[in-house]
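Engineer: Right, I'll just put the structure down here and ask away after.
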Amino acid sequence: MKNLKFRLALMNFIEFAVWGAYLTCMGLYLNRIGMASEIGYFFAMQGIVSIFMPAIMGIVADKWIPAQRLLGYCHLLAGMFMFAAAYYGHTAGESTQFGTLFGLYSLSVAFYMPTLALTNSVAYNALTKAGMDTVKDFPPIRVFGTIGFICAMWFVDLTGFKSTEAQFVTSGVLSLVLFLYTFTLPACPLASKDKCKSLVEAFGLQAFTLFKQKDMAIFFIFSSFLGVSLQITNGFATPYIESFKAVSEYASTFGVQHANILYSLSQISETCCILLIPFFMKRYGIKQVMLIAMFAWVLRFGFLGMGNPGTPGVLLFVLSMIIYGVAFDFFNISGSLFVDKTTDPSIRSSAQGLFMLMTNGIGASVGSIAAQQVVNYYTDSEGVVEWTTVWMVFSVYALVVGIVFALVFHPKKV
């Protein structure tokens with residue numbers, strides 16, 4: 001049993017290390033090669049492919065290719081396209097063209113994003129076959145995913161890869177490692193024909209009937225509004241922190257020199273805040289917990305805008321990173337629990353799919369593109385960004401969403 005948990009924990013560690021190698025520092029690289037005005041589009045693509053690719057690969061895993069095999073094949077393709085993006089970026093240098101780099105990157109994330117669900121499927125299947133309790137035994141395994149993400153962040157920072165195409169190479173290598181590792185994972189059975197998901201089921205379309213219920217309709221709509229915030233700091237926080245190197249007072253500070261390590265406090269906080277959710281959900285209910293998340297986003301953006309890498313301004317940066325755990329977990333995980341408790345078992349999986357589509361698909365995609373437009377608007381002709389104003393715009397947005405949500409959402413106790 002311990003051996004199985006270790007194997008699944010290692011799978012999660014590598015899975016999220018693949019993502020952590022570039023997710024929070026890709027903006028630094030894009031900024032260096034003159035694509036600062038396109039950062040948002042790279043992050044939006046993750047949301048766009050999340051709308052349909054996980055569902056398509058879920059059908060494939062159900063009907064034709066066992067989940068652990070498909071997990072490996074997806075990582076093989078994701079890694080190869082990431083290598084191609086790195087090779088092109090290396091050979092083209094500062095002459096790198098947006099269309100080519102974006103195309104190769106998009107193909108890579110199109111095959112990577114479905115693996116987030118496939119790793120869960122592999123773990124759930126293995127734990128169930130071993131007679132273990134997934135609710136009890138899976139969370140400690142999943143925590144190693146966040147640890148892997150953090151380790152990858154630290155690696156690309158300390159090696160100096162964070163502002164070069166080498167971050168893509170790192171991600172590609174890890175993808176190939178996981179491809180090979182999947183051959184050692186427990187086999188997942190194909191679903192019987194009467195249990196295979198249809199397109200309607202896989203895309204969560206059955207759950208759209210929930211929009212007939214006022215409370216659920218409001219919940220899903222505001223989930224997409226809050227989902228707008230999800231990728232903003234991943235795309236723009238590290239370029240913002242490193243922009244202080246232009247100020248002699250801050251150029252040699254730890255935050256400027258190691259922006260990715262400073263940012264990793266967000267993921268460390270996320271790991272810790274998961275443990276607080278059961279208490280808060282039981283004591284305060286979904287509305288109050290969601291409001292806590294929304295106003296945490298207000299502070300997340302606000303502290304970034306008011307802080308700096310020096311003393312004592314860096315404390316505001318640190319507070320912003322710490323509060324990220326509340327902003328992210330209290331929204332994503334508590335929202336998922338609310339959906340689980342308030343939907344009929346017959347459409348529960350579809351409802352979870354709809355929640356992910358509204359948040360990580362539509363919300364995150366719109367948010368990334370909109371955030372890029374805000375940054376571009378407040379960038380002068382010399383490329384200098386009015387970052388304080390930009391972060392306050394994001395903070396005000398989260399505040400307005402929170403206030404309106406408080407006024408219109410009145411769910412029944414669950």
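Identifiers in the structure tokens: chain A, B, ... in order shown; residue index from 1 per chain; ligand index from 1 in order shown.
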I'd like the neighbourhood of Phe254 (chain A) as a list of chain:residue names, where a residue qualifies if any of its atoms comes within 12 Å (using only C-alpha atoms), though same-chain residues fewer than 3 positions away should be ignored.
Structural biologist: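 Here the answer would be A:Asp157, A:Leu158, A:Ile241, A:Glu242, A:Phe244, A:Lys245, A:Tyr250, A:Ala251, A:Gln257, A:His258, A:Ala259, A:Asn260, A:Ile261, A:Leu262, A:Tyr263, A:Asn308, A:Pro309, A:Gly310, A:Thr311, A:Val314.
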Engineer: Export N, CA and C atoms of the chosen residues as a tab-separated table (two decimals), in the first residue's frame?
Structural biologist:
```
chain	number	residue	atom	x	y	z
A	157	ASP	N	14.63	29.03	-11.50
A	157	ASP	CA	15.11	30.31	-10.95
A	157	ASP	C	16.59	30.23	-10.64
A	158	LEU	N	17.01	29.21	-9.89
A	158	LEU	CA	18.40	29.11	-9.44
A	158	LEU	C	19.36	28.81	-10.58
A	241	ILE	N	7.63	42.10	-10.85
A	241	ILE	CA	8.64	42.13	-9.79
A	241	ILE	C	10.02	42.42	-10.37
A	242	GLU	N	10.33	41.78	-11.50
A	242	GLU	CA	11.65	42.00	-12.10
A	242	GLU	C	11.78	43.38	-12.73
A	244	PHE	N	11.47	46.02	-11.33
A	244	PHE	CA	12.12	46.89	-10.34
A	244	PHE	C	13.64	46.91	-10.50
A	245	LYS	N	14.18	46.05	-11.35
A	245	LYS	CA	15.63	46.07	-11.56
A	245	LYS	C	16.07	47.36	-12.25
A	250	TYR	N	16.42	48.96	-5.87
A	250	TYR	CA	15.88	47.62	-5.73
A	250	TYR	C	16.59	46.57	-6.59
A	251	ALA	N	17.50	46.99	-7.47
A	251	ALA	CA	18.08	46.09	-8.47
A	251	ALA	C	18.74	44.85	-7.88
A	257	GLN	N	16.14	39.53	-7.95
A	257	GLN	CA	17.06	38.51	-8.41
A	257	GLN	C	16.42	37.13	-8.49
A	258	HIS	N	15.44	36.87	-7.63
A	258	HIS	CA	14.80	35.55	-7.57
A	258	HIS	C	13.28	35.70	-7.49
A	259	ALA	N	12.72	36.33	-8.49
A	259	ALA	CA	11.27	36.59	-8.50
A	259	ALA	C	10.47	35.30	-8.44
A	260	ASN	N	10.95	34.25	-9.10
A	260	ASN	CA	10.22	32.99	-9.13
A	260	ASN	C	10.19	32.32	-7.76
A	261	ILE	N	11.28	32.42	-7.01
A	261	ILE	CA	11.30	31.86	-5.66
A	261	ILE	C	10.36	32.64	-4.74
A	262	LEU	N	10.40	33.97	-4.85
A	262	LEU	CA	9.48	34.79	-4.07
A	262	LEU	C	8.04	34.42	-4.40
A	263	TYR	N	7.76	34.23	-5.68
A	263	TYR	CA	6.39	33.90	-6.11
A	263	TYR	C	5.97	32.51	-5.63
A	308	ASN	N	6.87	46.68	-2.94
A	308	ASN	CA	8.11	46.79	-3.71
A	308	ASN	C	9.10	45.79	-3.12
A	309	PRO	N	10.20	45.51	-3.82
A	309	PRO	CA	11.14	44.47	-3.33
A	309	PRO	C	12.01	44.90	-2.17
A	310	GLY	N	11.94	46.17	-1.77
A	310	GLY	CA	12.79	46.65	-0.69
A	310	GLY	C	12.18	46.41	0.68
A	311	THR	N	12.78	47.02	1.69
A	311	THR	CA	12.29	46.93	3.06
A	311	THR	C	11.66	48.25	3.44
A	314	VAL	N	8.64	44.82	0.69
A	314	VAL	CA	8.59	43.41	0.32
A	314	VAL	C	7.60	42.63	1.18
```
Engineer: Report the residues of region 223-398 of chain A whose backbone DSSP state falls under alpha helix (DSSP H), written as JSON, numbers by chain.
Structural biologist: {"A": [223, 224, 225, 226, 227, 232, 233, 234, 235, 236, 237, 238, 239, 240, 241, 242, 254, 255, 256, 257, 259, 260, 261, 262, 263, 265, 266, 267, 268, 269, 270, 271, 272, 273, 277, 278, 279, 280, 281, 282, 283, 284, 285, 286, 287, 288, 289, 290, 291, 292, 293, 294, 295, 296, 297, 298, 299, 300, 301, 302, 303, 304, 305, 306, 314, 315, 316, 317, 318, 319, 320, 321, 322, 323, 324, 325, 326, 327, 328, 329, 330, 331, 332, 333, 334, 335, 336, 337, 338, 339, 340, 341, 342, 348, 349, 350, 351, 352, 353, 354, 355, 356, 364, 365, 366, 367, 368, 369, 370, 371, 372, 373, 374, 375, 376, 377, 387, 388, 389, 390, 391, 392, 393, 394, 395, 396, 397, 398]}
Engineer: List every residue of region 202-247 of chain A that has an atom at most 12 Å from any atom of region 398-407 of chain A, giving for each one its closest atom pair and the distance in Å to one decimal, counting only C-alpha atoms, sorted by chain and then by ascending residue number, as CSV.
Structural biologist:
```
residue,atom,partner,partner_atom,distance
A:Asp215,CA,A:Phe405,CA,11.2
A:Ile218,CA,A:Phe405,CA,8.3
A:Phe219,CA,A:Phe405,CA,8.7
A:Phe220,CA,A:Phe405,CA,11.3
A:Ile221,CA,A:Phe405,CA,10.0
A:Phe222,CA,A:Phe405,CA,7.1
A:Ser223,CA,A:Phe405,CA,10.0
A:Ser224,CA,A:Val401,CA,10.6
A:Phe225,CA,A:Val401,CA,7.1
A:Leu226,CA,A:Ala398,CA,7.3
A:Gly227,CA,A:Ala398,CA,10.3
A:Val228,CA,A:Ala398,CA,9.2
A:Ser229,CA,A:Ala398,CA,7.8
A:Leu230,CA,A:Ala398,CA,11.2
A:Ile232,CA,A:Ala398,CA,11.9
```
Engineer: Restricted to N, CA and C atoms, what would the selected residues look like written as an mmCIF file, in the first residue's frame?
Structural biologist:
```
data_model
loop_
_atom_site.group_PDB
_atom_site.id
_atom_site.type_symbol
_atom_site.label_atom_id
_atom_site.label_comp_id
_atom_site.auth_asym_id
_atom_site.auth_seq_id
_atom_site.Cartn_x
_atom_site.Cartn_y
_atom_site.Cartn_z
ATOM 1 N N ASP A 215 -30.250 29.915 -8.029
ATOM 2 C CA ASP A 215 -29.033 29.917 -7.218
ATOM 3 C C ASP A 215 -27.850 29.334 -7.979
ATOM 4 N N ILE A 218 -26.637 31.681 -10.815
ATOM 5 C CA ILE A 218 -25.829 32.784 -10.273
ATOM 6 C C ILE A 218 -24.452 32.273 -9.867
ATOM 7 N N PHE A 219 -24.421 31.092 -9.233
ATOM 8 C CA PHE A 219 -23.151 30.517 -8.797
ATOM 9 C C PHE A 219 -22.209 30.290 -9.979
ATOM 10 N N PHE A 220 -22.699 29.675 -11.053
ATOM 11 C CA PHE A 220 -21.841 29.379 -12.195
ATOM 12 C C PHE A 220 -21.403 30.649 -12.927
ATOM 13 N N ILE A 221 -22.293 31.608 -13.031
ATOM 14 C CA ILE A 221 -21.939 32.866 -13.699
ATOM 15 C C ILE A 221 -20.839 33.590 -12.929
ATOM 16 N N PHE A 222 -20.994 33.659 -11.609
ATOM 17 C CA PHE A 222 -19.977 34.338 -10.809
ATOM 18 C C PHE A 222 -18.697 33.519 -10.708
ATOM 19 N N SER A 223 -18.813 32.209 -10.888
ATOM 20 C CA SER A 223 -17.606 31.386 -10.941
ATOM 21 C C SER A 223 -16.749 31.790 -12.129
ATOM 22 N N SER A 224 -17.403 32.071 -13.251
ATOM 23 C CA SER A 224 -16.645 32.517 -14.424
ATOM 24 C C SER A 224 -16.071 33.913 -14.202
ATOM 25 N N PHE A 225 -16.845 34.791 -13.523
ATOM 26 C CA PHE A 225 -16.343 36.133 -13.231
ATOM 27 C C PHE A 225 -15.098 36.073 -12.343
ATOM 28 N N LEU A 226 -15.132 35.193 -11.348
ATOM 29 C CA LEU A 226 -13.988 35.068 -10.458
ATOM 30 C C LEU A 226 -12.854 34.304 -11.142
ATOM 31 N N GLY A 227 -13.223 33.398 -12.054
ATOM 32 C CA GLY A 227 -12.214 32.673 -12.813
ATOM 33 C C GLY A 227 -11.347 33.597 -13.645
ATOM 34 N N VAL A 228 -11.861 34.787 -13.938
ATOM 35 C CA VAL A 228 -11.085 35.789 -14.676
ATOM 36 C C VAL A 228 -9.762 36.076 -13.974
ATOM 37 N N SER A 229 -9.745 35.997 -12.658
ATOM 38 C CA SER A 229 -8.555 36.351 -11.881
ATOM 39 C C SER A 229 -7.482 35.263 -11.850
ATOM 40 N N LEU A 230 -7.832 34.040 -12.238
ATOM 41 C CA LEU A 230 -6.982 32.889 -11.946
ATOM 42 C C LEU A 230 -5.573 32.961 -12.532
ATOM 43 N N ILE A 232 -4.055 35.733 -13.974
ATOM 44 C CA ILE A 232 -3.477 37.075 -14.112
ATOM 45 C C ILE A 232 -2.104 37.174 -13.455
#
```
Engineer: Give the answer as one residue: which of A:Gly172, A:Pro140, A:Pro312, A:Gly302 has the shortest atom-to-atom distance to Phe81 (chain A), using only C-alpha atoms?
Structural biologist: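 Going through A:Gly172, A:Pro140, A:Pro312, A:Gly302 one by one, the smallest distance to Phe81 (chain A) is for A:Gly172.
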Engineer: So what do you get for CA of Val18 (chain A) versus CA of Ala237 (chain A), distance-wise?
Structural biologist: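 Between CA of Val18 (chain A) and CA of Ala237 (chain A) the gap works out to 19.8 Å.
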Engineer: For Phe394 (chain A), find every residue with an atom within 12 Å (counting only C-alpha atoms), except residues of its own chain fewer than 3 positions away, and show them as a PyMOL selection string.
Structural biologist: chain A and resi 226+228-233+236+294-295+297-305+367-368+370-375+387-391+397-401
Engineer: Using N, CA and C atoms, can you export the residues from the last selection as a short mmCIF file (atom, residue, chain, number, x, y, z; two decimals), in the first residue's frame?
Structural biologist:
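Dumped to result.cif:
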```cif
data_model
loop_
_atom_site.label_atom_id
_atom_site.label_comp_id
_atom_site.auth_asym_id
_atom_site.auth_seq_id
_atom_site.Cartn_x
_atom_site.Cartn_y
_atom_site.Cartn_z
N LEU A 226 -15.13 35.19 -11.35
CA LEU A 226 -13.99 35.07 -10.46
C LEU A 226 -12.85 34.30 -11.14
N VAL A 228 -11.86 34.79 -13.94
CA VAL A 228 -11.09 35.79 -14.68
C VAL A 228 -9.76 36.08 -13.97
N SER A 229 -9.74 36.00 -12.66
CA SER A 229 -8.55 36.35 -11.88
C SER A 229 -7.48 35.26 -11.85
N LEU A 230 -7.83 34.04 -12.24
CA LEU A 230 -6.98 32.89 -11.95
C LEU A 230 -5.57 32.96 -12.53
N GLN A 231 -5.44 33.38 -13.79
CA GLN A 231 -4.13 33.33 -14.44
C GLN A 231 -3.43 34.69 -14.51
N ILE A 232 -4.06 35.73 -13.97
CA ILE A 232 -3.48 37.08 -14.11
C ILE A 232 -2.10 37.17 -13.45
N THR A 233 -2.01 36.74 -12.21
CA THR A 233 -0.72 36.87 -11.53
C THR A 233 0.31 35.87 -12.06
N PHE A 236 1.68 37.84 -15.08
CA PHE A 236 2.27 39.18 -14.99
C PHE A 236 3.02 39.50 -13.69
N MET A 294 -13.15 35.97 -2.80
CA MET A 294 -13.24 37.14 -3.68
C MET A 294 -12.50 38.34 -3.09
N PHE A 295 -12.68 38.57 -1.80
CA PHE A 295 -12.00 39.71 -1.19
C PHE A 295 -10.51 39.41 -0.95
N TRP A 297 -8.80 38.02 -3.29
CA TRP A 297 -8.24 38.46 -4.58
C TRP A 297 -8.05 39.98 -4.60
N VAL A 298 -8.96 40.70 -3.94
CA VAL A 298 -8.80 42.16 -3.83
C VAL A 298 -7.46 42.48 -3.17
N LEU A 299 -7.16 41.79 -2.07
CA LEU A 299 -5.91 42.03 -1.35
C LEU A 299 -4.71 41.49 -2.11
N ARG A 300 -4.90 40.35 -2.80
CA ARG A 300 -3.81 39.77 -3.59
C ARG A 300 -3.29 40.80 -4.61
N PHE A 301 -4.20 41.39 -5.36
CA PHE A 301 -3.81 42.38 -6.36
C PHE A 301 -3.35 43.69 -5.70
N GLY A 302 -4.08 44.10 -4.67
CA GLY A 302 -3.79 45.37 -4.02
C GLY A 302 -2.41 45.40 -3.38
N PHE A 303 -2.05 44.33 -2.66
CA PHE A 303 -0.74 44.27 -2.02
C PHE A 303 0.39 44.28 -3.05
N LEU A 304 0.16 43.62 -4.20
CA LEU A 304 1.17 43.65 -5.25
C LEU A 304 1.39 45.08 -5.75
N GLY A 305 0.27 45.79 -5.93
CA GLY A 305 0.36 47.16 -6.43
C GLY A 305 1.02 48.12 -5.47
N GLY A 367 -10.07 36.29 -18.79
CA GLY A 367 -9.26 37.07 -17.87
C GLY A 367 -7.86 37.33 -18.39
N SER A 368 -7.24 36.32 -18.99
CA SER A 368 -5.88 36.48 -19.50
C SER A 368 -5.83 37.50 -20.63
N ALA A 370 -8.15 39.87 -21.29
CA ALA A 370 -8.53 41.19 -20.77
C ALA A 370 -7.38 41.82 -19.99
N ALA A 371 -6.69 41.01 -19.19
CA ALA A 371 -5.56 41.53 -18.41
C ALA A 371 -4.47 42.06 -19.33
N GLN A 372 -4.23 41.36 -20.43
CA GLN A 372 -3.23 41.83 -21.38
C GLN A 372 -3.61 43.19 -21.96
N GLN A 373 -4.90 43.38 -22.23
CA GLN A 373 -5.35 44.67 -22.77
C GLN A 373 -5.16 45.79 -21.74
N VAL A 374 -5.40 45.48 -20.47
CA VAL A 374 -5.19 46.47 -19.41
C VAL A 374 -3.71 46.85 -19.33
N VAL A 375 -2.84 45.83 -19.34
CA VAL A 375 -1.40 46.09 -19.27
C VAL A 375 -0.94 46.91 -20.48
N TRP A 387 2.51 49.91 -13.38
CA TRP A 387 2.08 48.68 -12.73
C TRP A 387 1.14 48.91 -11.54
N THR A 388 1.39 49.94 -10.76
CA THR A 388 0.51 50.19 -9.61
C THR A 388 -0.93 50.38 -10.06
N THR A 389 -1.12 51.16 -11.11
CA THR A 389 -2.47 51.37 -11.65
C THR A 389 -3.06 50.07 -12.17
N VAL A 390 -2.25 49.28 -12.86
CA VAL A 390 -2.72 48.00 -13.41
C VAL A 390 -3.23 47.09 -12.31
N TRP A 391 -2.46 46.93 -11.23
CA TRP A 391 -2.89 46.04 -10.15
C TRP A 391 -4.13 46.58 -9.45
N TYR A 397 -11.76 45.38 -9.82
CA TYR A 397 -12.61 44.39 -10.50
C TYR A 397 -13.06 43.31 -9.51
N ALA A 398 -12.10 42.73 -8.76
CA ALA A 398 -12.44 41.69 -7.79
C ALA A 398 -13.37 42.21 -6.71
N LEU A 399 -13.18 43.48 -6.31
CA LEU A 399 -14.04 44.08 -5.29
C LEU A 399 -15.47 44.21 -5.79
N VAL A 400 -15.64 44.68 -7.01
CA VAL A 400 -16.98 44.84 -7.59
C VAL A 400 -17.67 43.49 -7.70
N VAL A 401 -16.94 42.47 -8.18
CA VAL A 401 -17.51 41.13 -8.29
C VAL A 401 -17.96 40.63 -6.92
#
```
Engineer: Taking 2 positions as the minimum chain separation for residues in the same chain, which residues sit within 9 Å of region 99-111 of chain A when counting only C-alpha atoms? Answer as a PyMOL selection string.
Structural biologist: chain A and resi 41-42+45-46+48-50+53-54+57+73-82+84-86+88-89+96-97+113-115
Engineer: So which residues touch Gly335 (chain A) within 9 Å, counting only C-alpha atoms, skipping near sequence neighbours fewer than 6 positions away, as a list in words?
Structural biologist: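 Once the nearby chain positions are removed, what remains is Phe219, Ser223, Ile286, Val289, Met290, Asp329 and Phe355 of chain A.
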Engineer: CA of Glu270 (chain A) and CA of Tyr324 (chain A) are how many Å apart?
Structural biologist: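 Computed distance, CA of Glu270 (chain A) to CA of Tyr324 (chain A), equals 6.8 Å.
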Engineer: Quick one: of A:Met306, A:Leu210, A:Ala21, A:Val247, who's nearest to Thr170 (chain A), counting only C-alpha atoms?
Structural biologist: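 Looking at the shortest contact to Thr170 (chain A), the residue is A:Ala21.
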Engineer: Check the smallest atom-to-atom distance from each of A:Leu23, A:Leu116, A:Leu291, A:Met216 to Val156 (chain A) using only C-alpha atoms, then report the winner.
Structural biologist: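 Using only C-alpha atoms, Val156 (chain A) sits closest to A:Leu23.
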Engineer: Taking into account only C-alpha atoms, which residue in the set A:Ile347, A:Met392, A:Ser334, A:Thr134 is nearest to Gly307 (chain A)?
Structural biologist: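 The closest residue to Gly307 (chain A) is A:Met392.
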Engineer: Which residues are close to Asn12 (chain A), i.e. within 12 Å by only C-alpha atoms, leaving aside same-chain residues fewer than 2 positions away? Reply as a ChimeraX atom specification.
Structural biologist: /A:5-10,14-19,71,115-123,138-149,174-175,178,181-182,185
Engineer: Kindly indicate which residue among A:Phe98, A:Phe409, A:Phe168, A:Phe280 lies nearest to Glu38 (chain A), using only C-alpha atoms for the distances.
Structural biologist: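 The shortest atom-to-atom distance to Glu38 (chain A) comes from A:Phe98.
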Engineer: Here is a test: counting only C-alpha atoms, which residue of A:Leu265, A:Tyr240, A:Thr271, A:Trp154 is nearest to Ile333 (chain A)?
Structural biologist: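 Closest to Ile333 (chain A) of all the choices is A:Thr271.
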Engineer: Do you know which residues are at most 6 Å from Ala293 (chain A) counting only C-alpha atoms, after dropping those on the same chain fewer than 5 positions away, and could you put them as a list of chain:residue names?
Structural biologist: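 In the requested format, the answer is A:Val326, A:Ala327, A:Phe330, A:Phe331.
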